[in-house]
>>> print(open('model-v4.txt').read())   # compact mmCIF, C-alpha atoms
# COMPACT_ATOMS: atom_id res chain seq x y z
CA MET A 284 -6.08 150.90 -26.85
CA ARG A 285 -6.10 151.38 -30.62
CA TYR A 286 -2.94 150.03 -32.21
CA PHE A 287 -1.64 150.15 -35.78
CA GLU A 288 -3.72 147.06 -36.62
CA ASP A 289 -6.91 148.95 -35.72
CA PHE A 290 -6.57 151.66 -38.39
CA ALA A 291 -8.08 150.82 -41.77
CA THR A 292 -7.85 152.48 -45.17
CA GLY A 293 -10.81 154.76 -45.76
CA GLU A 294 -11.51 155.43 -42.09
CA ARG A 295 -12.61 159.05 -41.67
CA THR A 296 -12.41 160.88 -38.36
CA THR A 297 -13.56 164.38 -37.51
CA LEU A 298 -10.71 165.72 -35.42
CA GLY A 299 -12.64 168.72 -34.14
CA SER A 300 -13.03 172.47 -34.54
CA HIS A 301 -11.31 175.57 -33.24
CA THR A 302 -12.12 179.27 -33.50
CA MET A 303 -9.01 181.35 -34.16
CA THR A 304 -8.89 184.57 -32.14
CA GLU A 305 -6.88 187.58 -33.26
CA ALA A 306 -5.02 187.49 -29.92
CA GLU A 307 -3.76 183.94 -30.38
CA MET A 308 -2.92 184.58 -34.04
CA LEU A 309 -0.79 187.56 -33.02
CA ALA A 310 0.83 185.66 -30.14
CA TYR A 311 1.86 182.77 -32.39
CA ALA A 312 3.06 185.00 -35.21
CA ARG A 313 5.08 187.34 -32.96
CA LYS A 314 6.93 184.32 -31.66
CA TYR A 315 7.36 182.20 -34.78
CA ASP A 316 6.30 184.00 -37.96
CA PRO A 317 6.62 187.78 -37.53
CA GLN A 318 5.80 188.76 -41.12
CA SER A 319 3.93 192.06 -41.24
CA PHE A 320 0.67 190.57 -42.55
CA HIS A 321 0.60 188.24 -39.51
CA ILE A 322 1.45 190.77 -36.77
CA ASP A 323 0.51 194.28 -37.95
CA ALA A 324 -3.14 194.98 -38.77
CA ASP A 325 -2.38 198.18 -40.67
CA ALA A 326 0.35 196.64 -42.80
CA ALA A 327 -1.87 193.59 -43.36
CA ARG A 328 -4.68 195.79 -44.69
CA ARG A 329 -2.33 197.24 -47.28
CA SER A 330 -0.93 193.79 -48.21
CA ILE A 331 -2.23 191.44 -50.90
CA PHE A 332 -4.21 189.70 -48.12
CA GLY A 333 -6.27 192.78 -47.25
CA GLY A 334 -6.12 192.13 -43.51
CA LEU A 335 -4.51 190.05 -40.79
CA ILE A 336 -4.17 186.34 -41.54
CA ALA A 337 -2.95 183.47 -39.41
CA SER A 338 0.50 182.03 -39.99
CA GLY A 339 0.01 178.84 -41.98
CA TRP A 340 2.22 177.09 -39.44
CA HIS A 341 -0.16 178.22 -36.72
CA THR A 342 -3.08 176.59 -38.52
CA CYS A 343 -1.01 173.41 -38.80
CA ALA A 344 -0.25 173.60 -35.06
CA ILE A 345 -3.97 173.90 -34.28
CA VAL A 346 -4.69 170.87 -36.49
CA MET A 347 -1.95 168.98 -34.66
CA ARG A 348 -3.59 169.76 -31.32
CA LEU A 349 -7.01 168.69 -32.59
CA SER A 350 -5.40 165.50 -33.85
CA VAL A 351 -3.70 164.76 -30.52
CA GLU A 352 -7.00 165.34 -28.68
CA ALA A 353 -8.88 163.07 -31.11
CA HIS A 354 -6.24 160.36 -30.81
CA ARG A 355 -6.49 160.65 -27.02
CA ARG A 356 -10.28 160.20 -27.17
CA MET A 357 -9.80 157.02 -29.21
CA ASP A 358 -6.88 155.94 -26.96
CA ALA A 359 -4.58 155.53 -29.96
CA ALA A 360 -1.02 154.26 -29.56
CA GLY A 361 0.54 157.13 -31.53
CA ALA A 362 4.28 157.04 -32.01
CA GLY A 363 5.04 160.28 -33.86
CA SER A 364 5.49 161.03 -37.53
CA PRO A 365 8.33 160.89 -40.05
CA GLY A 366 6.90 163.79 -42.00
CA VAL A 367 4.39 165.50 -44.23
CA GLU A 368 4.16 164.90 -47.96
CA SER A 369 2.04 167.89 -48.82
CA CYS A 370 0.76 170.95 -46.99
CA ARG A 371 -1.31 173.41 -48.99
CA TRP A 372 -2.42 176.70 -47.48
CA LEU A 373 -5.31 177.28 -49.88
CA LYS A 374 -7.09 180.22 -48.31
CA PRO A 375 -6.21 182.68 -45.57
CA VAL A 376 -7.49 182.03 -42.04
CA ARG A 377 -8.69 185.30 -40.49
CA PRO A 378 -9.52 186.35 -36.92
CA GLY A 379 -12.79 184.75 -35.81
CA ASP A 380 -12.68 181.96 -38.37
CA THR A 381 -13.68 178.52 -37.10
CA VAL A 382 -11.63 175.73 -38.65
CA THR A 383 -12.77 172.11 -38.68
CA ALA A 384 -10.42 169.23 -39.48
CA VAL A 385 -11.41 165.86 -40.92
CA THR A 386 -8.84 163.15 -41.58
CA GLU A 387 -8.96 160.03 -43.74
CA VAL A 388 -6.60 157.06 -43.74
CA LEU A 389 -5.31 156.64 -47.31
CA GLU A 390 -3.06 153.64 -46.74
CA THR A 391 -1.39 151.62 -43.97
CA TRP A 392 1.75 149.50 -43.88
CA PRO A 393 3.87 147.92 -41.13
CA SER A 394 7.50 148.81 -40.45
CA ARG A 395 9.95 146.08 -41.38
CA SER A 396 12.42 146.95 -38.68
CA ARG A 397 10.48 148.35 -35.74
CA PRO A 398 7.37 147.37 -33.74
CA ILE A 399 5.32 150.12 -35.35
CA GLY A 400 3.20 150.71 -38.43
CA PHE A 401 2.50 153.67 -40.68
CA ALA A 402 -0.72 155.32 -41.83
CA ARG A 403 -0.75 157.85 -44.65
CA ARG A 404 -3.49 160.35 -43.85
CA ARG A 405 -5.12 163.17 -45.77
CA THR A 406 -6.47 165.90 -43.51
CA GLU A 407 -8.78 168.57 -44.85
CA VAL A 408 -9.44 171.76 -42.93
CA THR A 409 -12.47 173.89 -43.75
CA ASN A 410 -13.69 177.22 -42.42
CA GLN A 411 -17.20 178.20 -41.27
CA HIS A 412 -18.15 178.96 -44.90
CA GLY A 413 -17.30 175.42 -45.99
CA GLU A 414 -14.20 176.61 -47.86
CA THR A 415 -11.12 174.41 -47.69
CA VAL A 416 -8.32 176.45 -46.12
CA LEU A 417 -5.66 173.74 -45.67
CA THR A 418 -4.99 170.22 -46.87
CA LEU A 419 -2.29 168.04 -45.34
CA VAL A 420 -1.06 164.64 -46.42
CA GLY A 421 1.18 163.15 -43.76
CA ILE A 422 2.38 159.93 -42.22
CA SER A 423 1.37 158.85 -38.72
CA MET A 424 3.12 156.09 -36.81
CA TYR A 425 1.38 153.77 -34.36
CA ARG A 426 2.70 151.07 -32.06
CA ARG A 427 1.78 147.53 -33.04
CA ARG A 428 -0.47 145.45 -30.83
CA ASP A 429 2.25 142.84 -30.31
CA GLY A 430 5.05 145.43 -30.25
CA ALA A 431 8.03 144.37 -28.21
CA GLY A 432 9.24 147.98 -28.09
CA ALA A 433 5.95 149.44 -26.90
CA MET B 125 14.47 195.87 -51.42
CA ARG B 126 14.89 192.38 -52.86
CA TYR B 127 12.00 191.49 -55.14
CA PHE B 128 11.11 188.26 -56.94
CA GLU B 129 13.45 189.20 -59.79
CA ASP B 130 16.39 189.23 -57.39
CA PHE B 131 16.18 185.56 -56.37
CA ALA B 132 18.11 183.16 -58.60
CA THR B 133 18.14 179.38 -58.86
CA GLY B 134 20.99 177.91 -56.84
CA GLU B 135 21.23 180.79 -54.37
CA ARG B 136 22.05 179.42 -50.92
CA THR B 137 21.38 181.35 -47.74
CA THR B 138 22.21 180.42 -44.16
CA LEU B 139 19.06 181.38 -42.30
CA GLY B 140 20.62 181.11 -38.86
CA SER B 141 20.84 178.91 -35.77
CA HIS B 142 18.80 178.37 -32.64
CA THR B 143 19.40 176.35 -29.49
CA MET B 144 16.25 174.55 -28.35
CA THR B 145 15.72 174.68 -24.61
CA GLU B 146 13.65 172.08 -22.76
CA ALA B 147 11.45 174.90 -21.41
CA GLU B 148 10.47 176.19 -24.84
CA MET B 149 9.99 172.66 -26.18
CA LEU B 150 7.59 171.92 -23.32
CA ALA B 151 5.79 175.27 -23.74
CA TYR B 152 5.19 174.70 -27.45
CA ALA B 153 4.16 171.08 -27.04
CA ARG B 154 1.78 171.70 -24.13
CA LYS B 155 -0.01 174.21 -26.32
CA TYR B 156 0.02 172.56 -29.73
CA ASP B 157 1.30 168.98 -29.62
CA PRO B 158 0.71 167.43 -26.18
CA GLN B 159 1.85 163.91 -27.01
CA SER B 160 3.51 162.26 -24.01
CA PHE B 161 6.97 162.08 -25.59
CA HIS B 162 6.86 165.88 -26.09
CA ILE B 163 5.56 166.92 -22.67
CA ASP B 164 6.40 164.22 -20.10
CA ALA B 165 10.07 163.39 -19.49
CA ASP B 166 9.31 160.09 -17.73
CA ALA B 167 6.93 158.85 -20.44
CA ALA B 168 9.39 160.04 -23.09
CA ARG B 169 12.20 157.96 -21.53
CA ARG B 170 10.01 154.86 -21.80
CA SER B 171 8.97 155.68 -25.41
CA ILE B 172 10.71 154.63 -28.61
CA PHE B 173 12.48 158.02 -28.53
CA GLY B 174 14.25 157.36 -25.22
CA GLY B 175 13.71 160.91 -23.96
CA LEU B 176 11.95 164.21 -24.58
CA ILE B 177 11.94 165.37 -28.20
CA ALA B 178 10.67 168.57 -29.78
CA SER B 179 7.41 168.58 -31.68
CA GLY B 180 8.32 168.48 -35.36
CA TRP B 181 5.96 171.41 -35.87
CA HIS B 182 7.95 173.35 -33.30
CA THR B 183 11.15 172.79 -35.26
CA CYS B 184 9.31 174.00 -38.39
CA ALA B 185 8.14 177.08 -36.47
CA ILE B 186 11.73 177.85 -35.42
CA VAL B 187 12.88 177.50 -39.03
CA MET B 188 10.08 179.85 -40.07
CA ARG B 189 11.29 182.45 -37.58
CA LEU B 190 14.89 182.09 -38.74
CA SER B 191 13.63 182.51 -42.30
CA VAL B 192 11.64 185.65 -41.49
CA GLU B 193 14.66 187.14 -39.73
CA ALA B 194 16.95 186.31 -42.67
CA HIS B 195 14.46 187.76 -45.15
CA ARG B 196 14.27 190.90 -43.03
CA ARG B 197 18.07 191.23 -43.06
CA MET B 198 18.02 191.03 -46.86
CA ASP B 199 14.95 193.33 -47.02
CA ALA B 200 13.02 190.79 -49.10
CA ALA B 201 9.53 191.54 -50.41
CA GLY B 202 8.03 188.32 -49.03
CA ALA B 203 4.36 187.70 -49.77
CA GLY B 204 3.60 184.44 -47.96
CA SER B 205 3.52 180.86 -49.16
CA PRO B 206 0.99 178.58 -50.84
CA GLY B 207 2.42 175.53 -49.13
CA VAL B 208 5.05 172.92 -48.48
CA GLU B 209 5.73 170.00 -50.80
CA SER B 210 7.74 167.90 -48.42
CA CYS B 211 8.61 168.04 -44.73
CA ARG B 212 10.72 165.23 -43.35
CA TRP B 213 11.46 164.95 -39.65
CA LEU B 214 14.56 162.77 -40.02
CA LYS B 215 15.98 162.76 -36.50
CA PRO B 216 14.63 163.86 -33.13
CA VAL B 217 15.56 167.31 -31.83
CA ARG B 218 16.37 167.10 -28.10
CA PRO B 219 16.74 169.70 -25.34
CA GLY B 220 19.96 171.67 -25.80
CA ASP B 221 20.31 170.84 -29.50
CA THR B 222 21.38 173.72 -31.73
CA VAL B 223 19.71 173.64 -35.13
CA THR B 224 21.05 175.50 -38.15
CA ALA B 225 18.98 176.09 -41.29
CA VAL B 226 20.35 176.59 -44.79
CA THR B 227 18.03 177.21 -47.74
CA GLU B 228 18.58 176.91 -51.49
CA VAL B 229 16.43 178.24 -54.32
CA LEU B 230 15.58 175.28 -56.57
CA GLU B 231 13.48 177.12 -59.14
CA THR B 232 11.65 180.43 -59.69
CA TRP B 233 8.66 181.38 -61.84
CA PRO B 234 6.35 184.39 -62.10
CA SER B 235 2.63 184.31 -61.38
CA ARG B 236 0.47 184.69 -64.48
CA SER B 237 -2.34 186.44 -62.66
CA ARG B 238 -0.80 188.41 -59.80
CA PRO B 239 2.12 190.83 -59.35
CA ILE B 240 4.16 188.21 -57.52
CA GLY B 241 6.55 185.38 -58.29
CA PHE B 242 7.29 182.01 -56.75
CA ALA B 243 10.50 180.40 -55.52
CA ARG B 244 10.70 176.70 -54.72
CA ARG B 245 13.17 176.30 -51.87
CA ARG B 246 14.80 173.36 -50.18
CA THR B 247 15.72 174.02 -46.58
CA GLU B 248 18.00 171.68 -44.67
CA VAL B 249 18.23 171.79 -40.91
CA THR B 250 21.20 170.21 -39.14
CA ASN B 251 22.06 169.78 -35.47
CA GLN B 252 25.34 170.51 -33.68
CA HIS B 253 26.64 167.04 -34.69
CA GLY B 254 26.13 167.81 -38.39
CA GLU B 255 23.18 165.41 -38.61
CA THR B 256 20.25 166.46 -40.77
CA VAL B 257 17.18 166.61 -38.54
CA LEU B 258 14.67 168.19 -40.96
CA THR B 259 14.35 168.86 -44.67
CA LEU B 260 11.65 171.11 -46.09
CA VAL B 261 10.74 171.80 -49.70
CA GLY B 262 8.33 174.70 -49.92
CA ILE B 263 7.20 177.56 -52.09
CA SER B 264 7.87 181.19 -51.17
CA MET B 265 6.09 184.11 -52.82
CA TYR B 266 7.71 187.51 -53.43
CA ARG B 267 6.33 190.74 -54.81
CA ARG B 268 7.59 191.73 -58.24
CA ARG B 269 9.71 194.83 -58.70
CA ASP B 270 7.12 196.39 -61.00
CA GLY B 271 4.17 194.97 -59.02
CA ALA B 272 1.06 197.09 -59.22
CA GLY B 273 -0.38 195.31 -56.20
CA ALA B 274 2.67 195.78 -53.99
>>> encode(input="model-v4.txt", output="structure tokens")
Amino acid sequence: MRYFEDFATGERTTLGSHTMTEAEMLAYARKYDPQSFHIDADAARRSIFGGLIASGWHTCAIVMRLSVEAHRRMDAAGAGSPGVESCRWLKPVRPGDTVTAVTEVLETWPSRSRPIGFARRRTEVTNQHGETVLTLVGISMYRRRDGAGA
Amino acid sequence: MRYFEDFATGERTTLGSHTMTEAEMLAYARKYDPQSFHIDADAARRSIFGGLIASGWHTCAIVMRLSVEAHRRMDAAGAGSPGVESCRWLKPVRPGDTVTAVTEVLETWPSRSRPIGFARRRTEVTNQHGETVLTLVGISMYRRRDGAGA
């Protein structure tokens, strides 16, 4: 298993790719982000976006899933996250777009009070044209190798 | 309709409340955030969280929906968001918890290049015990009253 001690500054990991279908974009947006440019193709065409776009929170959710799957492949001892320091939706994600997420460890530090450690990560998400559509800087927590609370 | 010009610094709005059921927490997490403490009650009990907790992204998604509904009630000319500057998952959200979101406009400024304006908002989410479970600082975009591109 990969514990906190096994993550090093500068480590880059390709989390994976996902092609966003219109159906899943609509399903997410109807449930969580029913703004017209996310759920109504006609209204979206007339909007400043010129067509349907994914909810930014949906793109984040897809990145989260790719991250969980990547952490599972590396058998990482993930212990959640206290938050995100920056999330920038730079370009719209449209039906059929394939997004690819790559993450880099910016910094690591141990908790003083709990048997875990923190990694600050920057995750960059690009589309099939090589354009960056989303950047995320967030904190991941991992159990420590010698963690009593594991 | 409420346009960019109608949002003022200091304006506070209660977006609404939502009670998180275990079923919806599991449904979201199985799809987007399948970490064991979000999808497996037994594993969650043995984790540092002591029981099932909602994916933080799920709580954000619920806040987004409450925000869309509140903006619809006030007939706001929302035009998306370029991103979030801070998202802090301060306390776990557990099955049966009722979360309430209140948002405050911190600052507004017009776009120089497009017929929209920006509002920086701080949104605080509390549970039924009055504990803050999530804070979000993000940017909302609104169409301008005289917007040619509306």
>>> interface_residues(input="model-v4.txt", of="chain B", to="chain A", cutoff="7 Å", atoms="all atoms listed in the file", output="number ranges by chain")
B: 156-159, 172, 181, 185-186, 188-189, 192, 206-214, 273
>>> closest_residue(input="model-v4.txt", among="B:Thr224, B:Thr247, B:Thr183, B:Ser264", to="Arg136 in chain B", atoms="all atoms listed in the file")
B:Thr247
>>> closest_residue(input="model-v4.txt", among="B:Leu176, B:Met144, B:Val257, B:Leu230", to="Arg245 in chain B", atoms="only C-alpha atoms")
B:Leu230
>>> atom_distance(input="model-v4.txt", atom1="CA of Met424 in chain A", atom2="CA of Met308 in chain A")
29.3 Å
>>> atom_distance(input="model-v4.txt", atom1="CA of Gly400 in chain A", atom2="CA of Glu288 in chain A")
8.0 Å
>>> closest_residue(input="model-v4.txt", among="A:Ala359, A:Leu298, A:Ala324, A:Met284", to="Glu387 in chain A", atoms="all atoms listed in the file")
A:Leu298
>>> axis_aligned_box(input="model-v4.txt", around="range 147-152 of chain B", padding_each_side="8 Å", output="lines of an AutoDock Vina configuration file")
center_x = 8.3
center_y = 174.1
center_z = -24.4
size_x = 22.3
size_y = 20.3
size_z = 22.0
